[in-house]
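Novice: After the structure tokens below, expect a handful of questions from me.
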Amino acid sequence: MFVQASPSAAKSRAMEYDPETALTRLRRHRGKGSYVIGQLGQSLDGRIATPTGASKYINGHEALRHLHRIRARVDAVLIGVGTAIADDPQLTTRHVEGPSPVRVVIDPHGRLPASTAMLHDGATPVLVITCEGRSVPGGAERLVLPCDGTGHIPPATIIDALAHRSLRRLLIEGGAETLARFLNAAAIDELHLMVAPIVLGSGKTGLNLAPISEVDEAMRPLVRTMRFPDGDMLCMCDLQMSDAA
């Protein structure tokens, strides 16, 4: 779980949402190697779904538009196969102006259904990252990468493979387990946490990271905050900087 940096280090300031300011770090990293941004929408108590799995709509429309603005600025958007199966997302920029990114599904064990909508809409290419011996459905390009001993593909391996395809500005959009895997691997440069002013009280939590023993081991990102017009709060967490920076 993220702990806010000390006041002297955080230098945070609350302001009304401005898209250009919110995406400053992402914009500045064009042509400077890989840059990975993660996003998560949640309630005030850190929930991303109710106990029944309902998650629409925890966040408001302006948070959704912000997510689509990020998509329009990256080369590729990544999701885990579980999210692809559960939500069947389009992963396009239909709510804002700008190009839609390459859509990447991380699917180590070849579970992606052939009926997945993005395989048939022709909007942008679909790349399925999988392990040796696994097939992918028609409509997607297959990228085989080595799995580790847990049956997962290490985030660094994924980032490097995509960089070789000139896909260097990456959005890790979901789900929670995929985002946690990248965070645990220190493979996220910036996290955009969109917090809705509601309390669910129970349900699935968004950030389930590897346990720590001491508070001193906690991530302490440099955090800026903005308010969306419809009430949600955007926390922009710079994971390249901390209270030691």
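In the structure tokens, the first chain shown is A, the next is B, and so on; residue numbers restart at 1 for each chain, and ligands run from 1 in the order shown.
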Give me the residues within 9 Å of Arg69 in chain A as a PDB file with C-alpha atoms, in the first residue's frame, counting only C-alpha atoms and dropping any in the same chain fewer than 4 places off.

Specialist:
```pdb
ATOM      1  CA  PRO A  19      -4.811  17.301 -18.762  1.00  0.00           C
ATOM      2  CA  LEU A  23       0.505  14.112 -18.425  1.00  0.00           C
ATOM      3  CA  LEU A  64     -12.565   7.717 -17.741  1.00  0.00           C
ATOM      4  CA  ARG A  65     -11.689  10.536 -20.114  1.00  0.00           C
ATOM      5  CA  ARG A  73      -0.266   9.335 -25.519  1.00  0.00           C
ATOM      6  CA  THR A  93      -9.546   6.367 -27.335  1.00  0.00           C
ATOM      7  CA  HIS A  95     -13.896   9.354 -25.491  1.00  0.00           C
ATOM      8  CA  VAL A  96     -11.121  11.756 -26.557  1.00  0.00           C
ATOM      9  CA  GLU A  97      -9.251  12.841 -29.656  1.00  0.00           C
ATOM     10  CA  GLY A  98      -6.042  11.027 -30.492  1.00  0.00           C
TER      11      GLY A  98
END
```

Novice: Using DSSP on the backbone coordinates, identify the residues of range 42-230 of chain A assigned to alpha helix (DSSP H); present them as an MDAnalysis selection string.

Specialist: chainID A and resid 61:73 81:87 155:163 176:184

Novice: Limited to N, CA and C atoms, could you put the picked residues into a file as an mmCIF file, in the first residue's frame?

Specialist:
```
data_model
loop_
_atom_site.group_PDB
_atom_site.id
_atom_site.type_symbol
_atom_site.label_atom_id
_atom_site.label_comp_id
_atom_site.auth_asym_id
_atom_site.auth_seq_id
_atom_site.Cartn_x
_atom_site.Cartn_y
_atom_site.Cartn_z
ATOM 1 N N HIS A 61 -17.077 9.996 -15.089
ATOM 2 C CA HIS A 61 -16.775 10.093 -16.518
ATOM 3 C C HIS A 61 -15.462 10.832 -16.775
ATOM 4 N N GLU A 62 -15.150 11.837 -15.954
ATOM 5 C CA GLU A 62 -13.921 12.596 -16.179
ATOM 6 C C GLU A 62 -12.682 11.731 -15.933
ATOM 7 N N ALA A 63 -12.747 10.826 -14.974
ATOM 8 C CA ALA A 63 -11.643 9.891 -14.763
ATOM 9 C C ALA A 63 -11.487 8.969 -15.965
ATOM 10 N N LEU A 64 -12.618 8.548 -16.537
ATOM 11 C CA LEU A 64 -12.565 7.717 -17.741
ATOM 12 C C LEU A 64 -11.929 8.474 -18.893
ATOM 13 N N ARG A 65 -12.285 9.732 -19.058
ATOM 14 C CA ARG A 65 -11.689 10.536 -20.114
ATOM 15 C C ARG A 65 -10.177 10.699 -19.902
ATOM 16 N N HIS A 66 -9.775 10.831 -18.657
ATOM 17 C CA HIS A 66 -8.337 10.932 -18.372
ATOM 18 C C HIS A 66 -7.624 9.650 -18.776
ATOM 19 N N LEU A 67 -8.220 8.517 -18.471
ATOM 20 C CA LEU A 67 -7.636 7.236 -18.880
ATOM 21 C C LEU A 67 -7.482 7.178 -20.397
ATOM 22 N N HIS A 68 -8.482 7.637 -21.115
ATOM 23 C CA HIS A 68 -8.414 7.618 -22.580
ATOM 24 C C HIS A 68 -7.357 8.597 -23.096
ATOM 25 N N ARG A 69 -7.143 9.691 -22.372
ATOM 26 C CA ARG A 69 -6.070 10.613 -22.763
ATOM 27 C C ARG A 69 -4.703 9.942 -22.606
ATOM 28 N N ILE A 70 -4.541 9.148 -21.552
ATOM 29 C CA ILE A 70 -3.292 8.412 -21.403
ATOM 30 C C ILE A 70 -3.122 7.451 -22.568
ATOM 31 N N ARG A 71 -4.183 6.724 -22.906
ATOM 32 C CA ARG A 71 -4.110 5.797 -24.042
ATOM 33 C C ARG A 71 -3.649 6.508 -25.307
ATOM 34 N N ALA A 72 -4.141 7.735 -25.518
ATOM 35 C CA ALA A 72 -3.802 8.472 -26.734
ATOM 36 C C ALA A 72 -2.336 8.910 -26.755
ATOM 37 N N ARG A 73 -1.658 8.880 -25.597
ATOM 38 C CA ARG A 73 -0.266 9.335 -25.519
ATOM 39 C C ARG A 73 0.734 8.186 -25.475
ATOM 40 N N VAL A 81 -4.785 -11.328 -19.193
ATOM 41 C CA VAL A 81 -5.843 -12.084 -19.860
ATOM 42 C C VAL A 81 -7.093 -12.168 -18.988
ATOM 43 N N GLY A 82 -6.942 -12.129 -17.668
ATOM 44 C CA GLY A 82 -8.110 -12.172 -16.792
ATOM 45 C C GLY A 82 -9.023 -10.983 -17.017
ATOM 46 N N THR A 83 -8.425 -9.810 -17.188
ATOM 47 C CA THR A 83 -9.209 -8.612 -17.485
ATOM 48 C C THR A 83 -9.849 -8.705 -18.856
ATOM 49 N N ALA A 84 -9.115 -9.244 -19.821
ATOM 50 C CA ALA A 84 -9.678 -9.414 -21.162
ATOM 51 C C ALA A 84 -10.910 -10.311 -21.126
ATOM 52 N N ILE A 85 -10.855 -11.378 -20.347
ATOM 53 C CA ILE A 85 -11.976 -12.313 -20.256
ATOM 54 C C ILE A 85 -13.144 -11.700 -19.490
ATOM 55 N N ALA A 86 -12.841 -11.041 -18.368
ATOM 56 C CA ALA A 86 -13.902 -10.521 -17.497
ATOM 57 C C ALA A 86 -14.605 -9.307 -18.084
ATOM 58 N N ASP A 87 -13.838 -8.390 -18.708
ATOM 59 C CA ASP A 87 -14.398 -7.108 -19.133
ATOM 60 C C ASP A 87 -14.555 -6.976 -20.644
ATOM 61 N N PRO A 155 7.928 -8.877 -15.876
ATOM 62 C CA PRO A 155 7.648 -7.567 -16.469
ATOM 63 C C PRO A 155 8.813 -6.991 -17.263
ATOM 64 N N ALA A 156 10.041 -7.134 -16.765
ATOM 65 C CA ALA A 156 11.195 -6.584 -17.483
ATOM 66 C C ALA A 156 11.343 -7.229 -18.855
ATOM 67 N N THR A 157 11.039 -8.512 -18.940
ATOM 68 C CA THR A 157 11.102 -9.215 -20.221
ATOM 69 C C THR A 157 10.077 -8.655 -21.197
ATOM 70 N N ILE A 158 8.887 -8.372 -20.694
ATOM 71 C CA ILE A 158 7.822 -7.807 -21.527
ATOM 72 C C ILE A 158 8.206 -6.418 -22.015
ATOM 73 N N ILE A 159 8.699 -5.580 -21.104
ATOM 74 C CA ILE A 159 9.065 -4.209 -21.471
ATOM 75 C C ILE A 159 10.170 -4.205 -22.525
ATOM 76 N N ASP A 160 11.179 -5.052 -22.332
ATOM 77 C CA ASP A 160 12.280 -5.116 -23.301
ATOM 78 C C ASP A 160 11.806 -5.596 -24.669
ATOM 79 N N ALA A 161 10.935 -6.608 -24.673
ATOM 80 C CA ALA A 161 10.444 -7.146 -25.943
ATOM 81 C C ALA A 161 9.620 -6.108 -26.690
ATOM 82 N N LEU A 162 8.822 -5.351 -25.993
ATOM 83 C CA LEU A 162 8.020 -4.314 -26.641
ATOM 84 C C LEU A 162 8.902 -3.162 -27.129
ATOM 85 N N ALA A 163 9.953 -2.836 -26.385
ATOM 86 C CA ALA A 163 10.873 -1.784 -26.818
ATOM 87 C C ALA A 163 11.530 -2.147 -28.143
ATOM 88 N N ALA A 176 -5.821 -5.729 -11.499
ATOM 89 C CA ALA A 176 -5.073 -5.456 -10.283
ATOM 90 C C ALA A 176 -3.864 -6.381 -10.131
ATOM 91 N N GLU A 177 -4.008 -7.647 -10.500
ATOM 92 C CA GLU A 177 -2.897 -8.577 -10.357
ATOM 93 C C GLU A 177 -1.763 -8.235 -11.317
ATOM 94 N N THR A 178 -2.090 -7.851 -12.534
ATOM 95 C CA THR A 178 -1.061 -7.459 -13.492
ATOM 96 C C THR A 178 -0.346 -6.205 -13.026
ATOM 97 N N LEU A 179 -1.105 -5.218 -12.561
ATOM 98 C CA LEU A 179 -0.496 -3.992 -12.051
ATOM 99 C C LEU A 179 0.404 -4.295 -10.859
ATOM 100 N N ALA A 180 -0.053 -5.153 -9.947
ATOM 101 C CA ALA A 180 0.751 -5.506 -8.783
ATOM 102 C C ALA A 180 2.043 -6.197 -9.186
ATOM 103 N N ARG A 181 1.981 -7.035 -10.211
ATOM 104 C CA ARG A 181 3.183 -7.740 -10.660
ATOM 105 C C ARG A 181 4.223 -6.755 -11.182
ATOM 106 N N PHE A 182 3.774 -5.748 -11.915
ATOM 107 C CA PHE A 182 4.705 -4.734 -12.416
ATOM 108 C C PHE A 182 5.221 -3.851 -11.284
ATOM 109 N N LEU A 183 4.366 -3.513 -10.329
ATOM 110 C CA LEU A 183 4.807 -2.704 -9.194
ATOM 111 C C LEU A 183 5.815 -3.469 -8.331
ATOM 112 N N ASN A 184 5.533 -4.727 -8.073
ATOM 113 C CA ASN A 184 6.455 -5.538 -7.271
ATOM 114 C C ASN A 184 7.816 -5.680 -7.942
#
```

Novice: Find the distance between CA of Cys235 in chain A and CA of His192 in chain A and write it in Å to one decimal.

Specialist: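 Separating CA of Cys235 in chain A from CA of His192 in chain A is a distance of 5.8 Å.
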
Novice: Apply DSSP to the structure's backbone, then extract all residues of range 19-227 of chain A labelled strand (DSSP E or B) and return them as a PyMOL selection string.

Specialist: chain A and resi 35-43+47-49+76-80+102-106+126-130+141-144+169-174+190-196+204-205+222-227

Novice: Please measure the separation of CA of Ser34 in chain A and CA of Arg103 in chain A, giving the value in Å to one decimal.

Specialist: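 Between CA of Ser34 in chain A and CA of Arg103 in chain A the gap works out to 16.5 Å.
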
Novice: What is the CA of Arg169 in chain A-CA of Val36 in chain A distance in Å, reported with one decimal?

Specialist: 6.1 Å

Novice: Might you pull out every residue within 7 Å of Leu78 in chain A, with only C-alpha atoms counted and same-chain residues fewer than 6 positions away left off, and present them as an MDAnalysis selection string?

Specialist: chainID A and resid 103:105 171:173

Novice: Give me the residues near Ala54 in chain A as a list in words, where near means some atom within 10 Å (using only C-alpha atoms) and where sequence neighbours in that chain fewer than 4 positions away do not count.

Specialist: Ile48, Ala49, Thr50, Ile58, Gly203 and Lys204 of chain A
